[in-house]
$ cat query31.txt   # compact mmCIF, C-alpha atoms
# COMPACT_ATOMS: atom_id res chain seq x y z
CA MET A 84 -49.84 -105.84 -143.82
CA ARG A 85 -48.96 -107.65 -140.60
CA PRO A 86 -45.20 -108.39 -140.51
CA PRO A 87 -44.14 -112.06 -140.30
CA LYS A 88 -43.34 -113.48 -136.90
CA THR A 89 -39.69 -113.44 -135.88
CA GLY A 90 -37.85 -116.53 -137.05
CA MET A 91 -40.41 -117.51 -139.69
CA ILE A 92 -38.92 -118.21 -143.12
CA PRO A 93 -41.20 -117.32 -146.05
CA MET A 94 -42.21 -120.46 -147.89
CA THR A 95 -41.49 -120.54 -151.61
CA LYS A 96 -44.55 -121.42 -153.68
CA TYR A 97 -44.72 -121.95 -157.40
CA CYS A 98 -47.65 -122.25 -159.75
CA LEU A 99 -47.84 -124.33 -162.92
CA THR A 100 -50.46 -123.67 -165.60
CA VAL A 101 -51.06 -126.17 -168.39
CA THR A 102 -53.23 -126.43 -171.48
CA CYS A 103 -53.20 -129.19 -174.07
CA PRO A 104 -55.48 -131.52 -176.04
CA SER A 105 -57.58 -133.63 -173.68
CA THR A 106 -56.35 -137.17 -173.19
CA ARG A 107 -55.79 -139.60 -170.33
CA GLY A 108 -52.67 -139.52 -168.19
CA ILE A 109 -52.03 -135.76 -168.05
CA VAL A 110 -52.67 -135.32 -164.32
CA ALA A 111 -50.67 -138.43 -163.50
CA ALA A 112 -47.74 -137.26 -165.61
CA ILE A 113 -47.63 -133.81 -164.03
CA SER A 114 -48.01 -135.00 -160.45
CA THR A 115 -45.38 -137.71 -160.99
CA TYR A 116 -42.98 -135.17 -162.45
CA LEU A 117 -43.43 -132.71 -159.56
CA ALA A 118 -43.10 -135.45 -156.95
CA GLY A 119 -39.92 -136.64 -158.60
CA LYS A 120 -38.51 -133.14 -158.30
CA GLY A 121 -39.27 -133.01 -154.58
CA CYS A 122 -42.33 -130.79 -154.87
CA ASN A 123 -45.41 -131.03 -152.66
CA ILE A 124 -48.69 -130.11 -154.36
CA THR A 125 -50.84 -127.83 -152.16
CA ASP A 126 -53.65 -126.98 -154.58
CA SER A 127 -54.76 -128.40 -157.90
CA SER A 128 -57.66 -127.70 -160.23
CA GLN A 129 -58.40 -128.85 -163.74
CA PHE A 130 -61.06 -128.50 -166.39
CA ASP A 131 -61.80 -130.64 -169.42
CA ASP A 132 -63.64 -128.62 -172.08
CA ALA A 133 -65.80 -131.11 -173.97
CA GLU A 134 -66.71 -128.57 -176.67
CA THR A 135 -63.15 -127.74 -177.70
CA GLY A 136 -61.38 -130.90 -176.61
CA ARG A 137 -58.93 -128.82 -174.58
CA PHE A 138 -57.65 -129.61 -171.09
CA PHE A 139 -56.69 -126.91 -168.57
CA MET A 140 -54.84 -127.35 -165.27
CA ARG A 141 -53.46 -125.13 -162.51
CA VAL A 142 -51.21 -126.53 -159.79
CA SER A 143 -49.75 -124.76 -156.74
CA PHE A 144 -46.83 -126.50 -155.07
CA VAL A 145 -43.94 -126.08 -152.66
CA PRO A 146 -40.42 -127.06 -153.86
CA GLU A 147 -39.41 -128.81 -150.64
CA THR A 148 -35.96 -129.78 -151.91
CA GLY A 149 -35.22 -126.26 -153.14
CA VAL A 150 -35.32 -127.03 -156.86
CA ALA A 151 -35.11 -123.84 -158.94
CA ILE A 152 -37.99 -122.74 -161.15
CA GLU A 153 -35.66 -122.71 -164.17
CA ASP A 154 -34.83 -126.38 -163.63
CA LEU A 155 -38.51 -127.24 -163.28
CA ARG A 156 -39.31 -125.39 -166.50
CA ALA A 157 -36.58 -127.11 -168.49
CA GLY A 158 -37.23 -130.54 -167.01
CA LEU A 159 -40.89 -130.62 -168.01
CA ALA A 160 -40.14 -130.09 -171.71
CA GLU A 161 -39.95 -133.78 -172.60
CA THR A 162 -43.23 -134.61 -170.85
CA ALA A 163 -44.89 -131.56 -172.38
CA GLU A 164 -43.87 -132.58 -175.89
CA GLY A 165 -45.58 -135.94 -175.50
CA PHE A 166 -48.90 -134.25 -174.66
CA ASP A 167 -48.55 -131.28 -177.08
CA MET A 168 -48.64 -129.18 -173.92
CA THR A 169 -48.32 -125.43 -173.46
CA TYR A 170 -47.16 -124.69 -169.92
CA ALA A 171 -45.75 -121.96 -167.69
CA PHE A 172 -44.22 -121.86 -164.20
CA HIS A 173 -44.74 -118.81 -161.98
CA ASP A 174 -43.27 -117.73 -158.66
CA GLU A 175 -46.33 -116.84 -156.56
CA ALA A 176 -44.30 -114.30 -154.57
CA GLU A 177 -43.73 -112.16 -157.67
CA LYS A 178 -46.31 -109.40 -157.99
CA LEU A 179 -47.77 -108.61 -161.39
CA LYS A 180 -47.02 -105.09 -162.61
CA VAL A 181 -50.24 -103.24 -163.41
CA VAL A 182 -51.17 -99.97 -165.11
CA ILE A 183 -54.60 -98.58 -164.15
CA MET A 184 -56.48 -96.32 -166.57
CA VAL A 185 -59.35 -94.14 -165.35
CA SER A 186 -61.48 -91.20 -166.50
CA ARG A 187 -63.84 -89.26 -164.21
CA PHE A 188 -65.56 -92.04 -162.21
CA GLY A 189 -63.17 -92.91 -159.39
CA HIS A 190 -64.97 -95.61 -157.40
CA CYS A 191 -63.08 -98.53 -158.97
CA LEU A 192 -59.72 -96.72 -158.77
CA ASN A 193 -60.21 -95.84 -155.09
CA ASP A 194 -61.27 -99.40 -154.30
CA LEU A 195 -58.21 -100.87 -156.04
CA LEU A 196 -55.87 -98.43 -154.30
CA TYR A 197 -57.32 -99.39 -150.93
CA ARG A 198 -57.08 -103.14 -151.59
CA TRP A 199 -53.53 -102.69 -152.86
CA ARG A 200 -52.53 -100.61 -149.83
CA ILE A 201 -53.75 -103.17 -147.28
CA GLY A 202 -52.28 -106.10 -149.21
CA ALA A 203 -55.62 -107.64 -150.20
CA LEU A 204 -54.71 -107.31 -153.88
CA PRO A 205 -51.08 -108.44 -154.32
CA ILE A 206 -50.11 -106.40 -157.37
CA GLU A 207 -47.56 -103.69 -158.11
CA ILE A 208 -49.29 -100.59 -159.47
CA VAL A 209 -46.59 -99.01 -161.62
CA ALA A 210 -48.66 -96.14 -163.06
CA VAL A 211 -52.11 -94.59 -163.32
CA ILE A 212 -53.10 -93.05 -166.65
CA SER A 213 -56.06 -90.73 -167.07
CA ASN A 214 -57.47 -88.41 -169.70
CA HIS A 215 -58.44 -86.00 -166.89
CA MET A 216 -56.68 -84.50 -163.85
CA ASP A 217 -59.38 -85.40 -161.30
CA TYR A 218 -57.42 -88.11 -159.47
CA GLN A 219 -53.87 -86.82 -159.73
CA LYS A 220 -53.63 -85.89 -156.04
CA VAL A 221 -55.12 -89.20 -154.87
CA VAL A 222 -52.67 -91.20 -156.96
CA VAL A 223 -49.59 -89.12 -156.16
CA ASN A 224 -50.41 -89.34 -152.44
CA HIS A 225 -50.02 -93.11 -152.83
CA ASP A 226 -46.52 -92.56 -154.32
CA ILE A 227 -47.69 -93.89 -157.68
CA PRO A 228 -46.74 -92.10 -160.94
CA PHE A 229 -49.71 -90.30 -162.51
CA HIS A 230 -49.90 -89.51 -166.23
CA CYS A 231 -52.57 -87.28 -167.74
CA ILE A 232 -52.89 -88.00 -171.45
CA LYS A 233 -55.67 -86.12 -173.17
CA VAL A 234 -57.45 -88.08 -175.89
CA THR A 235 -59.28 -86.48 -178.80
CA LYS A 236 -60.42 -87.68 -182.20
CA ASP A 237 -57.40 -85.97 -183.76
CA ASN A 238 -54.65 -87.12 -181.39
CA LYS A 239 -55.85 -90.65 -180.52
CA PRO A 240 -52.95 -92.48 -182.27
CA GLN A 241 -50.38 -90.26 -180.55
CA ALA A 242 -52.14 -90.61 -177.18
CA GLU A 243 -52.20 -94.41 -177.42
CA ALA A 244 -48.55 -94.44 -178.47
CA GLU A 245 -47.72 -92.52 -175.29
CA GLN A 246 -49.83 -94.92 -173.20
CA MET A 247 -48.04 -97.92 -174.70
CA ARG A 248 -44.68 -96.25 -174.06
CA ILE A 249 -45.56 -96.06 -170.36
CA VAL A 250 -46.64 -99.71 -170.38
CA ARG A 251 -43.37 -100.79 -171.98
CA GLU A 252 -41.11 -98.65 -169.80
CA THR A 253 -42.77 -99.75 -166.56
CA GLY A 254 -42.77 -103.40 -167.60
CA ALA A 255 -46.51 -103.61 -166.97
CA GLU A 256 -48.04 -107.00 -167.70
CA LEU A 257 -51.67 -105.96 -167.25
CA ILE A 258 -53.79 -102.89 -168.02
CA VAL A 259 -56.90 -102.35 -165.90
CA LEU A 260 -59.60 -100.08 -167.29
CA ALA A 261 -61.13 -98.78 -164.05
CA ARG A 262 -63.99 -96.95 -165.77
CA TYR A 263 -61.77 -95.52 -168.50
CA MET A 264 -64.29 -93.99 -170.87
CA GLN A 265 -62.36 -94.19 -174.13
CA VAL A 266 -62.58 -96.93 -176.76
CA LEU A 267 -59.17 -98.50 -177.36
CA SER A 268 -57.99 -98.97 -180.93
CA ASP A 269 -57.79 -102.40 -182.57
CA GLU A 270 -54.00 -102.03 -182.62
CA MET A 271 -53.75 -101.51 -178.86
CA CYS A 272 -56.17 -104.39 -178.21
CA ARG A 273 -54.07 -106.72 -180.33
CA ALA A 274 -50.78 -105.55 -178.78
CA MET A 275 -52.10 -106.29 -175.27
CA SER A 276 -54.32 -109.26 -176.12
CA GLY A 277 -55.36 -111.11 -172.97
CA ARG A 278 -53.75 -108.40 -170.83
CA ILE A 279 -56.44 -105.71 -170.64
CA ILE A 280 -59.33 -106.06 -168.19
CA ASN A 281 -62.42 -103.83 -168.34
CA ILE A 282 -65.42 -103.27 -166.07
CA HIS A 283 -68.90 -102.07 -167.01
CA HIS A 284 -72.49 -102.36 -165.93
CA SER A 285 -74.32 -105.51 -166.98
CA PHE A 286 -77.09 -103.73 -168.91
CA LEU A 287 -75.47 -104.15 -172.31
CA PRO A 288 -76.92 -104.35 -174.86
CA SER A 289 -80.34 -103.42 -173.41
CA PHE A 290 -79.40 -100.00 -172.03
CA LYS A 291 -76.61 -98.14 -173.75
CA GLY A 292 -75.44 -94.54 -173.57
CA ALA A 293 -74.40 -92.18 -170.82
CA ASN A 294 -77.11 -92.99 -168.27
CA PRO A 295 -78.01 -96.69 -168.33
CA TYR A 296 -79.11 -96.70 -164.68
CA LYS A 297 -81.81 -94.11 -165.37
CA GLN A 298 -83.03 -96.19 -168.32
CA ALA A 299 -83.09 -99.30 -166.14
CA PHE A 300 -85.06 -97.47 -163.44
CA GLU A 301 -87.63 -96.26 -165.94
CA ARG A 302 -88.12 -99.80 -167.28
CA GLY A 303 -88.58 -101.28 -163.80
CA VAL A 304 -85.46 -103.45 -163.80
CA LYS A 305 -85.19 -105.57 -160.63
CA LEU A 306 -81.62 -106.81 -160.99
CA ILE A 307 -78.56 -104.67 -161.69
CA GLY A 308 -74.97 -105.77 -161.81
CA ALA A 309 -71.54 -105.58 -163.37
CA THR A 310 -69.36 -107.53 -165.77
CA SER A 311 -65.57 -107.69 -165.97
CA HIS A 312 -64.05 -109.02 -169.16
CA TYR A 313 -60.93 -109.06 -171.30
CA VAL A 314 -60.79 -106.33 -173.91
CA THR A 315 -60.80 -107.29 -177.58
CA ALA A 316 -61.24 -105.38 -180.81
CA ASP A 317 -64.96 -106.25 -180.64
CA LEU A 318 -66.34 -103.63 -178.24
CA ASP A 319 -67.56 -105.13 -174.93
CA GLU A 320 -67.54 -108.64 -176.40
CA GLY A 321 -64.33 -110.03 -174.90
CA PRO A 322 -64.25 -113.18 -172.74
CA ILE A 323 -66.04 -112.64 -169.41
CA ILE A 324 -63.98 -113.13 -166.25
CA GLU A 325 -66.39 -112.22 -163.44
CA GLN A 326 -69.97 -111.02 -162.93
CA ASP A 327 -72.31 -110.23 -160.06
CA ILE A 328 -75.78 -108.80 -159.47
CA ILE A 329 -77.78 -107.06 -156.76
CA ARG A 330 -81.57 -106.83 -156.36
CA VAL A 331 -83.31 -103.44 -156.45
CA THR A 332 -86.94 -102.39 -155.96
CA HIS A 333 -89.37 -99.74 -157.16
CA ALA A 334 -88.85 -97.93 -153.84
CA GLN A 335 -85.29 -97.00 -154.81
CA SER A 336 -84.31 -94.05 -156.97
CA PRO A 337 -82.03 -93.83 -160.02
CA ASP A 338 -79.35 -92.41 -157.70
CA ASP A 339 -79.68 -95.52 -155.52
CA TYR A 340 -79.18 -97.66 -158.63
CA VAL A 341 -76.00 -95.76 -159.44
CA SER A 342 -74.64 -96.09 -155.89
CA LEU A 343 -75.39 -99.80 -155.66
CA GLY A 344 -74.09 -100.37 -159.17
CA ARG A 345 -70.77 -98.72 -158.36
CA ASP A 346 -70.33 -101.00 -155.35
CA VAL A 347 -70.89 -104.06 -157.51
CA GLU A 348 -68.56 -102.77 -160.22
CA SER A 349 -65.75 -102.27 -157.71
CA GLN A 350 -66.13 -105.75 -156.24
CA VAL A 351 -66.39 -107.50 -159.60
CA LEU A 352 -63.32 -105.73 -161.02
CA ALA A 353 -61.24 -106.58 -157.95
CA ARG A 354 -62.27 -110.25 -158.16
CA ALA A 355 -61.45 -110.35 -161.88
CA ILE A 356 -57.97 -108.93 -161.28
CA HIS A 357 -57.44 -111.35 -158.41
CA ALA A 358 -58.36 -114.28 -160.66
CA HIS A 359 -56.07 -113.06 -163.45
CA ILE A 360 -52.97 -112.46 -161.31
CA HIS A 361 -53.32 -115.90 -159.74
CA ARG A 362 -53.77 -117.54 -163.16
CA ARG A 363 -57.24 -118.83 -162.29
CA VAL A 364 -59.10 -117.54 -165.34
$ encode --input "query31.txt" --output "structure tokens"
Amino acid sequence: MRPPKTGMIPMTKYCLTVTCPSTRGIVAAISTYLAGKGCNITDSSQFDDAETGRFFMRVSFVPETGVAIEDLRAGLAETAEGFDMTYAFHDEAEKLKVVIMVSRFGHCLNDLLYRWRIGALPIEIVAVISNHMDYQKVVVNHDIPFHCIKVTKDNKPQAEAEQMRIVRETGAELIVLARYMQVLSDEMCRAMSGRIINIHHSFLPSFKGANPYKQAFERGVKLIGATSHYVTADLDEGPIIEQDIIRVTHAQSPDDYVSLGRDVESQVLARAIHAHIHRRV
């Protein structure tokens, strides 16, 4: 990353996320509160979900008078109670701690490592866990701890216990399944609810199994893509974060499908992580 110019003082930026029952006056109350605390709003987005009656809001702002995030958090309590509001303040300079899990397909892992190295993905990768040794050297060369934990039908509970130990000890707030080809247990999904992101091709449920791209080629599919979603106990049915597609033709081979599909998977996963760490999901 390019170093800051001499004499420039990094600007503190906070982020406020809010959810509550939809009603009038929420935006006015929040903006009035922040202005009263000497904060300048730089970005604001909100969504009113008509189906659930829930309101969602994300606000980025600069505390121009130097008010501390703890004071902002405590001061909003009275306003929040009046709107039955759940809220959280975040320092945008703090990087989310992430554990990446991978098996034998390394395209997503390599893409994330590159984006992390150049500063395009502002996270702190605290560990990489794999059930194979294929990417040990790549990970260690980035000065990131690598853990190989073999997973079998017989040792799955013990393996997941070891994985969760690493998550706890590193303080990781997010697990990224970068083509990790093991199904997580219901217990692990519940323990990390809303904090595990997965990536897979977008052929489900039409083409399942080990070689969906070959099946898609044989059926004459013209669009392939990828889906990134939160992991739940229901396999591949968690809330979708990001998706994308790319057009293919009969002139391309199954290997072309695989190559193009991997590119899309890498991009979609990176965008999903970016959305999550900036609280934009």
$ atom_distance --input "query31.txt" --atom1 "atom CA of Val234 of chain A" --atom2 "atom CA of Pro295 of chain A"
23.5 Å
$ residues_around --input "query31.txt" --residues "segment 130-146 of chain A" --least-positions-apart "4" --cutoff "10 Å" --atoms "all atoms listed in the file" --output "NGL selection string"
:A and (94-106 or 109-110 or 113-114 or 117-118 or 120-126 or 150-152 or 155 or 168-175 or 361-364)
$ closest_atom_pairs --input "query31.txt" --of "segment 245-302 of chain A" --to "segment 322-344 of chain A" --cutoff "8 Å" --atoms "only C-alpha atoms" --output "Markdown table"
| residue | atom | partner | partner_atom | distance |
| --- | --- | --- | --- | --- |
| A:His284 | CA | A:Gly344 | CA | 7.2 |
| A:Tyr296 | CA | A:Tyr340 | CA | 6.1 |
| A:Lys297 | CA | A:Pro337 | CA | 5.4 |
| A:Phe300 | CA | A:Pro337 | CA | 5.8 |
$ write_last_selection --input "query31.txt" --atoms "C-alpha atoms" --output "mmCIF file, keeping the file's coordinate frame"
data_model
loop_
_atom_site.group_PDB
_atom_site.id
_atom_site.type_symbol
_atom_site.label_atom_id
_atom_site.label_comp_id
_atom_site.auth_asym_id
_atom_site.auth_seq_id
_atom_site.Cartn_x
_atom_site.Cartn_y
_atom_site.Cartn_z
ATOM 1 C CA HIS A 284 -72.490 -102.360 -165.930
ATOM 2 C CA TYR A 296 -79.110 -96.700 -164.680
ATOM 3 C CA LYS A 297 -81.810 -94.110 -165.370
ATOM 4 C CA PHE A 300 -85.060 -97.470 -163.440
#
$ residues_near_point --input "query31.txt" --point "(-56.9, -111.5, -174.0)" --cutoff "6 Å" --atoms "all atoms listed in the file" --output "PyMOL selection string"
chain A and resi 276-278+313
$ atom_distance --input "query31.txt" --atom1 "atom CA of Glu164 of chain A" --atom2 "atom CA of Ala111 of chain A"
15.3 Å
$ closest_residue --input "query31.txt" --among "A:His215, A:Arg198, A:Lys305, A:His230" --to "Val250 of chain A" --atoms "all atoms listed in the file"
A:His230
$ atom_distance --input "query31.txt" --atom1 "atom CA of Thr315 of chain A" --atom2 "atom CA of Val222 of chain A"
27.4 Å
$ residues_around --input "query31.txt" --residues "Ser311 of chain A" --least-positions-apart "5" --cutoff "10 Å" --atoms "all atoms listed in the file" --output "list in words"
Leu260, Ile280, Asn281, Ile282, His283, His284, Ser285, Asp319, Gly321, Pro322, Ile323, Ile324, Glu325, Gln326, Asp327, Glu348, Ser349, Gln350, Val351, Leu352, Ala353, Arg354, Ala355 and Ile356 of chain A
$ decode --input "query31.txt" --residues "segment 197-210 of chain A" --atoms "all heavy atoms" --output "short mmCIF file (atom, residue, chain, number, x, y, z; two decimals), in the first residue's frame"
data_model
loop_
_atom_site.label_atom_id
_atom_site.label_comp_id
_atom_site.auth_asym_id
_atom_site.auth_seq_id
_atom_site.Cartn_x
_atom_site.Cartn_y
_atom_site.Cartn_z
N TYR A 197 -3.74 -12.38 -2.41
CA TYR A 197 -3.26 -11.27 -3.23
C TYR A 197 -3.97 -9.97 -2.86
O TYR A 197 -3.33 -8.93 -2.65
CB TYR A 197 -3.45 -11.56 -4.71
CG TYR A 197 -3.08 -10.40 -5.61
CD1 TYR A 197 -1.74 -10.04 -5.81
CD2 TYR A 197 -4.07 -9.63 -6.22
CE1 TYR A 197 -1.40 -8.96 -6.60
CE2 TYR A 197 -3.74 -8.55 -7.01
CZ TYR A 197 -2.41 -8.21 -7.20
OH TYR A 197 -2.07 -7.13 -7.98
N ARG A 198 -5.30 -10.01 -2.77
CA ARG A 198 -6.05 -8.81 -2.42
C ARG A 198 -5.67 -8.31 -1.03
O ARG A 198 -5.58 -7.09 -0.80
CB ARG A 198 -7.55 -9.09 -2.48
CG ARG A 198 -8.09 -9.38 -3.89
CD ARG A 198 -9.56 -9.79 -3.85
NE ARG A 198 -10.03 -10.31 -5.11
CZ ARG A 198 -10.64 -9.59 -6.05
NH1 ARG A 198 -10.84 -8.30 -5.83
NH2 ARG A 198 -11.04 -10.14 -7.18
N TRP A 199 -5.45 -9.24 -0.11
CA TRP A 199 -5.04 -8.86 1.24
C TRP A 199 -3.65 -8.21 1.22
O TRP A 199 -3.41 -7.19 1.87
CB TRP A 199 -5.03 -10.11 2.13
CG TRP A 199 -4.27 -9.97 3.40
CD1 TRP A 199 -4.67 -9.33 4.54
CD2 TRP A 199 -2.96 -10.49 3.67
NE1 TRP A 199 -3.69 -9.42 5.50
CE2 TRP A 199 -2.63 -10.13 4.99
CE3 TRP A 199 -2.05 -11.25 2.93
CZ2 TRP A 199 -1.43 -10.48 5.59
CZ3 TRP A 199 -0.84 -11.60 3.52
CH2 TRP A 199 -0.54 -11.22 4.83
N ARG A 200 -2.73 -8.78 0.44
CA ARG A 200 -1.36 -8.29 0.40
C ARG A 200 -1.27 -6.87 -0.16
O ARG A 200 -0.47 -6.06 0.32
CB ARG A 200 -0.49 -9.24 -0.43
CG ARG A 200 1.00 -8.92 -0.34
CD ARG A 200 1.86 -9.99 -1.01
NE ARG A 200 1.68 -10.00 -2.46
CZ ARG A 200 1.13 -11.00 -3.14
NH1 ARG A 200 0.69 -12.07 -2.49
NH2 ARG A 200 1.02 -10.95 -4.45
N ILE A 201 -2.08 -6.55 -1.16
CA ILE A 201 -2.01 -5.22 -1.76
C ILE A 201 -2.93 -4.22 -1.07
O ILE A 201 -2.99 -3.04 -1.46
CB ILE A 201 -2.33 -5.26 -3.27
CG1 ILE A 201 -3.80 -5.66 -3.52
CG2 ILE A 201 -1.37 -6.18 -4.00
CD1 ILE A 201 -4.23 -5.54 -4.96
N GLY A 202 -3.67 -4.67 -0.06
CA GLY A 202 -4.53 -3.76 0.69
C GLY A 202 -5.90 -3.56 0.10
O GLY A 202 -6.67 -2.73 0.58
N ALA A 203 -6.25 -4.34 -0.94
CA ALA A 203 -7.57 -4.20 -1.55
C ALA A 203 -8.67 -4.83 -0.70
O ALA A 203 -9.84 -4.49 -0.84
CB ALA A 203 -7.57 -4.84 -2.95
N LEU A 204 -8.29 -5.74 0.17
CA LEU A 204 -9.23 -6.37 1.09
C LEU A 204 -8.73 -6.14 2.50
O LEU A 204 -7.85 -6.86 3.00
CB LEU A 204 -9.33 -7.87 0.79
CG LEU A 204 -10.53 -8.63 1.37
CD1 LEU A 204 -11.85 -8.04 0.87
CD2 LEU A 204 -10.45 -10.10 1.00
N PRO A 205 -9.25 -5.11 3.17
CA PRO A 205 -8.72 -4.72 4.49
C PRO A 205 -9.17 -5.65 5.61
O PRO A 205 -10.08 -5.34 6.39
CB PRO A 205 -9.27 -3.30 4.67
CG PRO A 205 -10.54 -3.29 3.89
CD PRO A 205 -10.31 -4.20 2.71
N ILE A 206 -8.54 -6.82 5.68
CA ILE A 206 -8.82 -7.78 6.74
C ILE A 206 -7.50 -8.21 7.37
O ILE A 206 -6.42 -7.92 6.84
CB ILE A 206 -9.55 -9.04 6.20
CG1 ILE A 206 -8.73 -9.72 5.10
CG2 ILE A 206 -10.95 -8.68 5.69
CD1 ILE A 206 -9.32 -11.01 4.56
N GLU A 207 -7.59 -8.90 8.49
CA GLU A 207 -6.41 -9.49 9.11
C GLU A 207 -6.59 -11.01 9.06
O GLU A 207 -7.45 -11.56 9.76
CB GLU A 207 -6.25 -9.02 10.56
CG GLU A 207 -5.01 -9.57 11.23
CD GLU A 207 -4.87 -9.14 12.68
OE1 GLU A 207 -5.64 -8.25 13.10
OE2 GLU A 207 -4.00 -9.69 13.38
N ILE A 208 -5.83 -11.67 8.20
CA ILE A 208 -5.91 -13.12 8.10
C ILE A 208 -5.08 -13.72 9.22
O ILE A 208 -3.85 -13.65 9.20
CB ILE A 208 -5.43 -13.62 6.72
CG1 ILE A 208 -6.23 -12.95 5.59
CG2 ILE A 208 -5.57 -15.15 6.63
CD1 ILE A 208 -5.74 -13.29 4.19
N VAL A 209 -5.75 -14.30 10.21
CA VAL A 209 -5.04 -14.78 11.40
C VAL A 209 -4.66 -16.25 11.28
O VAL A 209 -3.81 -16.73 12.06
CB VAL A 209 -5.89 -14.56 12.66
CG1 VAL A 209 -6.05 -13.06 12.93
CG2 VAL A 209 -7.27 -15.21 12.53
N ALA A 210 -5.25 -16.99 10.34
CA ALA A 210 -4.90 -18.40 10.16
C ALA A 210 -5.54 -18.93 8.89
O ALA A 210 -6.57 -18.42 8.44
CB ALA A 210 -5.35 -19.25 11.35
#
